[in-house]
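Visitor: Data file entry-v4.cif (mmCIF, C-alpha atoms) is appended below.
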```
data_structure
loop_
_atom_site.label_atom_id
_atom_site.label_comp_id
_atom_site.auth_asym_id
_atom_site.auth_seq_id
_atom_site.Cartn_x
_atom_site.Cartn_y
_atom_site.Cartn_z
CA MET X 105 23.24 -3.49 7.83
CA GLU X 106 19.43 -3.82 7.79
CA ASN X 107 18.71 -1.71 4.70
CA GLU X 108 20.64 -0.17 1.84
CA PHE X 109 19.32 3.04 0.30
CA ARG X 110 20.49 4.82 -2.84
CA PHE X 111 18.80 7.96 -4.11
CA LEU X 112 18.59 10.18 -7.17
CA GLU X 113 18.05 13.85 -6.29
CA PHE X 114 16.75 16.76 -8.30
CA GLU X 115 16.94 20.28 -6.85
CA GLY X 116 17.44 18.91 -3.33
CA ILE X 117 14.45 16.55 -3.48
CA GLN X 118 14.74 12.77 -3.74
CA VAL X 119 13.05 11.80 -7.00
CA ALA X 120 14.07 8.14 -7.33
CA ALA X 121 15.36 5.46 -5.00
CA PHE X 122 16.76 1.96 -4.80
CA VAL X 123 16.10 0.14 -1.53
CA GLU X 124 17.49 -3.24 -0.57
CA GLY X 125 15.47 -4.09 2.52
CA ARG X 126 16.66 -6.58 5.12
CA SER X 127 14.31 -5.46 7.88
CA GLN X 128 10.67 -6.52 8.07
CA ASN X 129 9.78 -3.82 10.59
CA GLU X 130 6.71 -1.79 9.74
CA HIS X 131 7.18 1.97 9.35
CA THR X 132 4.94 4.93 8.56
CA GLY X 133 5.41 6.70 5.24
CA TYR X 134 3.98 9.96 3.94
CA TYR X 135 4.99 11.61 0.68
CA SER X 136 3.98 14.88 -0.95
CA THR X 137 4.17 13.52 -4.50
CA ASN X 138 2.59 10.54 -6.23
CA ILE X 139 5.06 7.65 -5.91
CA LEU X 140 5.49 4.93 -8.53
CA TYR X 141 6.91 1.73 -6.98
CA TYR X 142 8.46 -1.31 -8.62
CA VAL X 143 9.15 -4.53 -6.71
CA ARG X 144 12.25 -6.20 -8.11
CA GLN X 145 12.39 -8.88 -5.43
CA GLY X 146 10.25 -9.97 -2.49
CA GLN X 147 6.93 -8.34 -1.60
CA PHE X 148 6.10 -4.75 -0.76
CA ASN X 149 3.23 -4.48 1.74
CA ILE X 150 1.19 -1.31 2.20
CA ARG X 151 -1.23 -1.09 5.12
CA LEU X 152 -3.78 1.65 4.60
CA ARG X 153 -6.33 1.90 7.39
CA ASN X 154 -7.94 -1.58 7.46
CA GLN X 155 -6.68 -2.68 4.03
CA LEU X 156 -3.45 -4.49 3.21
CA HIS X 157 -2.06 -4.19 -0.31
CA THR X 158 0.69 -6.66 -1.24
CA ILE X 159 2.72 -5.84 -4.35
CA GLU X 160 4.45 -8.96 -5.65
CA THR X 161 7.79 -9.39 -7.43
CA GLY X 162 7.76 -7.85 -10.91
CA CYS X 163 4.74 -5.65 -10.20
CA PHE X 164 4.22 -1.89 -10.03
CA CYS X 165 1.91 0.33 -8.01
CA ILE X 166 1.20 3.99 -7.39
CA VAL X 167 0.65 5.46 -3.93
CA ARG X 168 -1.19 8.77 -4.15
CA LYS X 169 0.36 11.89 -2.66
CA HIS X 170 -0.49 12.98 0.89
CA THR X 171 -1.32 9.38 1.81
CA GLU X 172 -0.22 8.26 5.27
CA ALA X 173 0.35 4.50 5.10
CA HIS X 174 2.30 1.81 6.90
CA TYR X 175 4.91 -0.11 4.91
CA PHE X 176 6.81 -3.34 5.43
CA LYS X 177 8.72 -5.73 3.20
CA THR X 178 8.69 -9.53 3.10
CA TRP X 179 10.68 -12.09 1.12
CA SER X 180 11.37 -15.77 0.84
CA GLU X 181 14.35 -17.47 2.46
CA LYS X 182 15.81 -18.03 -1.00
CA GLU X 183 15.53 -14.32 -1.90
CA GLY X 184 17.19 -13.12 1.30
CA CYS X 185 15.85 -9.57 1.04
CA ALA X 186 13.36 -7.33 -0.74
CA ILE X 187 14.44 -4.92 -3.47
CA ILE X 188 12.19 -1.95 -4.18
CA ASN X 189 12.57 0.91 -6.65
CA ALA X 190 10.60 4.14 -6.38
CA MET X 191 10.08 7.25 -8.48
CA ALA X 192 8.41 10.48 -7.39
CA LEU X 193 6.02 11.87 -10.01
CA GLN X 194 6.25 15.61 -9.40
CA ASP X 195 3.23 17.76 -10.20
CA ASP X 196 5.03 20.21 -12.50
CA PHE X 197 6.43 17.45 -14.68
CA ILE X 198 3.11 15.57 -14.70
CA ASN X 199 1.25 18.64 -15.96
CA ASP X 200 3.87 19.31 -18.65
CA ALA X 201 3.75 15.66 -19.77
CA ILE X 202 -0.07 15.64 -19.92
CA ARG X 203 -0.06 18.75 -22.12
CA GLU X 204 2.62 17.27 -24.38
CA LEU X 205 0.94 13.89 -24.75
CA GLY X 206 -2.33 15.57 -25.79
CA TYR X 207 -4.65 12.87 -24.44
CA LYS X 208 -8.29 13.61 -23.73
CA ILE X 209 -8.41 13.07 -19.98
CA PRO X 210 -11.64 11.73 -18.42
CA THR X 211 -12.76 13.65 -15.35
CA ASN X 212 -14.20 10.78 -13.30
CA LYS X 213 -12.77 10.62 -9.78
CA VAL X 214 -10.36 7.96 -8.59
CA PHE X 215 -11.01 7.10 -4.95
CA THR X 216 -8.35 4.52 -4.15
CA SER X 217 -4.99 5.62 -2.73
CA VAL X 218 -3.04 2.56 -3.92
CA ILE X 219 -3.29 1.69 -7.62
CA ASN X 220 -1.90 -1.61 -8.91
CA LEU X 221 -0.25 -1.61 -12.34
CA ARG X 222 0.58 -4.45 -14.69
CA ASN X 223 4.20 -4.83 -15.74
CA ASN X 224 5.00 -3.68 -19.25
CA THR X 225 8.01 -2.86 -21.38
CA ILE X 226 7.76 0.92 -20.86
CA LEU X 227 7.68 0.75 -17.06
CA GLN X 228 10.39 -1.91 -17.00
CA GLY X 229 12.61 0.17 -19.27
CA LEU X 230 11.99 3.26 -17.15
CA TYR X 231 13.30 1.61 -14.00
CA ASP X 232 16.22 -0.05 -15.73
CA SER X 233 17.35 3.37 -16.97
CA LEU X 234 16.80 5.03 -13.60
CA MET X 235 18.96 2.37 -11.97
CA LEU X 236 21.85 3.38 -14.23
CA TYR X 237 21.61 6.97 -12.99
CA ILE X 238 21.36 5.86 -9.36
CA THR X 239 24.29 3.45 -9.69
CA GLU X 240 26.44 6.11 -11.36
CA ASN X 241 25.30 8.72 -8.81
CA GLN X 242 24.44 11.14 -11.61
CA VAL X 243 22.46 14.33 -10.99
CA PRO X 244 19.43 14.54 -13.32
CA ASP X 245 18.54 17.77 -15.09
CA LYS X 246 15.10 19.21 -15.81
CA HIS X 247 15.01 17.74 -19.32
CA LEU X 248 15.69 14.23 -18.02
CA MET X 249 13.03 14.48 -15.29
CA ALA X 250 10.46 15.68 -17.84
CA LEU X 251 11.38 12.79 -20.14
CA LYS X 252 11.19 10.17 -17.36
CA THR X 253 7.84 11.51 -16.14
CA LYS X 254 6.41 11.28 -19.64
CA GLU X 255 7.78 7.73 -19.88
CA ALA X 256 6.10 6.87 -16.57
CA LEU X 257 2.72 8.21 -17.72
CA LEU X 258 2.96 6.26 -20.98
CA GLY X 259 3.75 3.12 -18.97
CA ILE X 260 0.74 3.73 -16.73
CA ILE X 261 -1.51 3.97 -19.81
CA GLN X 262 -0.02 0.81 -21.29
CA SER X 263 -0.74 -0.98 -18.02
CA ASN X 264 -4.42 -0.02 -18.30
CA PRO X 265 -5.94 2.66 -20.59
CA ASP X 266 -8.59 3.31 -17.90
CA HIS X 267 -5.80 4.78 -15.79
CA LEU X 268 -6.04 7.92 -17.94
CA ALA X 269 -8.46 9.13 -15.27
CA LEU X 270 -5.54 9.22 -12.86
CA PHE X 271 -3.98 12.04 -14.84
CA HIS X 272 -6.95 14.29 -14.11
CA GLU X 273 -6.47 13.57 -10.43
CA PHE X 274 -2.69 14.01 -10.64
CA SER X 275 -2.99 17.38 -12.38
CA ARG X 276 -5.37 18.89 -9.81
CA PRO X 277 -3.85 21.02 -7.04
CA VAL X 278 -4.41 19.18 -3.75
CA LYS X 279 -3.94 20.88 -0.41
CA ALA X 280 -2.45 18.55 2.16
CA ASP X 281 -3.83 18.45 5.69
CA LEU X 282 -1.31 20.90 7.16
CA LYS X 283 -1.06 19.29 10.61
CA GLU X 284 -0.33 15.91 9.08
CA PHE X 285 2.00 17.44 6.49
CA ILE X 286 4.08 19.34 9.06
CA HIS X 287 4.26 16.29 11.31
CA HIS X 288 5.93 14.37 8.50
CA HIS X 289 8.20 17.26 7.43
CA LEU X 290 9.22 18.44 10.89
CA THR X 291 12.91 17.68 10.38
CA SER X 292 13.09 18.60 6.70
CA ASN X 293 15.61 21.31 5.82
CA LEU X 294 13.76 22.26 2.64
CA PRO X 295 13.14 26.00 2.07
CA LEU X 296 9.72 27.27 3.12
CA ARG X 297 8.83 27.96 -0.52
CA THR X 298 9.44 24.28 -1.34
CA LEU X 299 7.47 23.09 1.70
CA ALA X 300 4.59 25.35 0.66
CA LYS X 301 4.63 23.95 -2.86
CA LEU X 302 4.72 20.36 -1.62
CA SER X 303 1.72 21.07 0.62
CA GLY X 304 -0.25 22.30 -2.42
CA ARG X 305 -0.09 26.00 -1.48
CA SER X 306 1.51 29.25 -2.50
CA LEU X 307 4.01 30.63 0.01
CA SER X 308 1.58 33.32 1.21
CA THR X 309 -1.25 30.79 1.66
CA PHE X 310 1.10 28.39 3.46
CA ASN X 311 2.16 31.13 5.91
CA ARG X 312 -1.45 32.21 6.49
CA ASP X 313 -2.76 28.66 7.02
CA PHE X 314 0.20 27.81 9.25
CA ARG X 315 -0.41 30.80 11.54
CA LYS X 316 -4.11 29.92 11.82
CA ILE X 317 -3.33 26.37 12.93
CA PHE X 318 -0.16 26.80 15.01
CA ASN X 319 -0.50 30.43 16.12
CA ALA X 320 3.10 31.14 15.12
CA SER X 321 5.17 31.74 12.01
CA PRO X 322 6.55 28.60 10.28
CA PRO X 323 10.27 29.40 10.96
CA ALA X 324 9.72 30.15 14.66
CA TRP X 325 7.45 27.16 15.31
CA LEU X 326 9.61 24.67 13.38
CA LEU X 327 12.79 25.85 15.11
CA LYS X 328 11.20 25.50 18.55
CA LYS X 329 9.94 21.99 17.79
CA ARG X 330 13.28 20.87 16.34
CA LEU X 331 15.20 22.21 19.33
CA ALA X 332 12.83 20.44 21.74
CA GLU X 333 13.41 17.18 19.85
CA ALA X 334 17.17 17.82 19.92
CA ARG X 335 17.11 18.31 23.69
CA ASN X 336 15.11 15.10 24.10
CA MET X 337 17.60 13.14 21.95
CA LEU X 338 20.59 14.53 23.85
CA LEU X 339 18.95 13.56 27.16
CA THR X 340 17.74 10.09 26.20
CA THR X 341 20.41 8.77 23.82
CA ASP X 342 24.20 8.57 23.68
CA LYS X 343 24.34 10.70 20.55
CA LYS X 344 26.21 13.99 20.49
CA ALA X 345 25.17 17.23 18.82
CA SER X 346 27.47 16.47 15.88
CA GLU X 347 25.56 13.22 15.27
CA ILE X 348 22.01 14.60 15.31
CA TYR X 349 21.95 18.11 13.86
CA LEU X 350 21.56 16.96 10.24
CA ASP X 351 18.76 14.54 11.14
CA LEU X 352 16.86 17.41 12.74
CA GLY X 353 16.91 19.64 9.67
CA PHE X 354 19.92 21.82 10.53
CA LYS X 355 22.57 22.38 7.87
CA ASP X 356 25.48 23.39 10.14
CA LEU X 357 26.61 22.36 13.61
CA ALA X 358 27.61 25.80 14.91
CA PRO X 359 24.19 27.49 14.39
CA PHE X 360 22.53 24.38 15.84
CA SER X 361 24.66 24.58 19.00
CA ARG X 362 24.02 28.32 19.36
CA SER X 363 20.28 27.78 18.98
CA ILE X 364 20.29 25.09 21.69
CA LYS X 365 22.16 27.39 24.05
CA LYS X 366 19.85 30.33 23.33
CA GLU X 367 16.69 28.24 23.78
CA PHE X 368 17.68 26.33 26.93
CA GLN X 369 20.52 28.50 28.35
CA ILE X 370 22.80 25.47 28.24
CA SER X 371 25.20 24.02 25.66
CA PRO X 372 24.42 20.75 23.85
CA SER X 373 27.29 18.97 25.63
CA ALA X 374 25.95 20.13 29.00
CA VAL X 375 22.47 18.88 28.07
CA GLY X 376 23.95 15.47 27.28
CA ALA X 377 25.91 15.43 30.54
CA LYS X 378 22.66 15.82 32.53
CA LYS X 379 21.70 12.21 31.82
CA MET X 380 24.88 10.93 33.44
#
```
Show me, as structure tokens, the structure contained in the file I just sent.
Guide:
Amino acid sequence: MENEFRFLEFEGIQVAAFVEGRSQNEHTGYYSTNILYYVRQGQFNIRLRNQLHTIETGCFCIVRKHTEAHYFKTWSEKEGCAIINAMALQDDFINDAIRELGYKIPTNKVFTSVINLRNNTILQGLYDSLMLYITENQVPDKHLMALKTKEALLGIIQSNPDHLALFHEFSRPVKADLKEFIHHHLTSNLPLRTLAKLSGRSLSTFNRDFRKIFNASPPAWLLKKRLAEARNMLLTTDKKASEIYLDLGFKDLAPFSRSIKKEFQISPSAVGAKKM
């Protein structure tokens, strides 16, 4: 197995992760929340346009939300793999934590998308505790997520008090580029209200902006795109409908199969048989 992933989920969204990486292949990542990373072992490499950021063992970094970057992991022969932890800093919890902490937040802009952080006892303790929840496969509640977000912000300040300016940036509503956002969420089965929120919009604004760009409603356009991708996978791979429907954002096999048949006037098994 090339990689091992373990996640902590809150309300259907992955909020923390443990990754044991054994592949050095580069992949594209795009996230709708600010992500706090910790490198337990190896190196975590982030390629952003023409810049390469390498996060060493024992170090932390933040990747700003709506940042499309290329990621790959490296490690020494003795280490054998890279081990990365991640935590999503959700906007609602960030704003609540900022209000509770009562800091005077400077309003100067932060222009970099990758922020390096020094290790400290607060950040280290945060990830050690998160690992316990991930290992035990426990479901966090709202109180825990608020507490962990506050802990993360305190750790960021302890790393460098100048990082207080980040909180002003974190607390501002940021509209994602919708074309880029939808490209990276094409196979997500999140409700439209959640997608709208992640894109930095109300549901009504999301629907309006979507129609302007794609000339169709979000449900109709997303379904058509997902079905086209399903047909392509059935034609070009050995996978069956039962092996791909979840990866394409469908929750149940039967509605997926009916949608394929309605869209292409042919069953999924018959689509797959065409490549024979």
Visitor: List every protein, DNA or RNA residue with an atom no more than 12 Å from (19.4, 6.3, -10.9) in the file's coordinates, counting all atoms listed in the file, and format the result as an MDAnalysis selection string.
Guide: chainID X and resid 109:114 118:123 189:191 230:244 248:249 252
Visitor: If we count only C-alpha atoms, what is near Pro322 of chain X at a cut-off of 9 Å, once residues fewer than 4 positions away on the same chain are taken out, given as an mmCIF file with C-alpha atoms, in the frame of the given file?
Guide:
```cif
data_model
loop_
_atom_site.group_PDB
_atom_site.id
_atom_site.type_symbol
_atom_site.label_atom_id
_atom_site.label_comp_id
_atom_site.auth_asym_id
_atom_site.auth_seq_id
_atom_site.Cartn_x
_atom_site.Cartn_y
_atom_site.Cartn_z
ATOM 1 C CA LEU X 296 9.720 27.270 3.120
ATOM 2 C CA PHE X 310 1.100 28.390 3.460
ATOM 3 C CA ASN X 311 2.160 31.130 5.910
ATOM 4 C CA PHE X 314 0.200 27.810 9.250
ATOM 5 C CA ARG X 315 -0.410 30.800 11.540
ATOM 6 C CA PHE X 318 -0.160 26.800 15.010
ATOM 7 C CA LEU X 326 9.610 24.670 13.380
ATOM 8 C CA LEU X 327 12.790 25.850 15.110
#
```
Visitor: Let me know the residues the PyMOL selection byres ((chain X and resi 195) around 8) catches in the file above, as a list in words.
Guide: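 After applying the PyMOL selection byres ((chain X and resi 195) around 8), what remains is Thr137, Leu193, Gln194, Asp196, Phe197, Ile198, Asn199, Phe274 and Ser275 of chain X.
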Visitor: On this file, the PyMOL selection byres ((chain X and resi 286) around 12) gives some set of residues; write that set as a ChimeraX atom specification.
Guide: /X:134-136,170,280-285,287-292,294,296,299-300,302-303,310,313-314,317-318,322-323,325-326,329-330
Visitor: Using all atoms listed in the file, determine which residues lie at most 12 Å from Arg168 of chain X, disregarding the query and same-chain residues fewer than 3 positions distant; provide the list as a VMD selection string.
Guide: chain X and resid 133 to 141 152 165 171 to 173 192 to 195 214 to 220 270 to 271 273 to 274 278 280
Visitor: With the file shown as input, list the residues that the PyMOL selection byres ((chain X and resi 157) around 12) selects, as a list in words.
Guide: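 When the PyMOL selection byres ((chain X and resi 157) around 12) is applied to the shown file, the picked residues are Gln147, Phe148, Asn149, Ile150, Arg151, Leu152, Arg153, Asn154, Gln155, Leu156, Thr158, Ile159, Glu160, Phe164, Cys165, Ile166, Val167, Ala173, His174, Tyr175, Phe176, Lys177, Thr216, Ser217, Val218, Ile219 and Asn220 of chain X.
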Visitor: Just to confirm, what's the straight-line distance from atom CA of Cys163 of chain X to atom CA of Gly304 of chain X in Å (one decimal)?
Guide: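 For atom CA of Cys163 of chain X relative to atom CA of Gly304 of chain X, the distance reads 29.4 Å.
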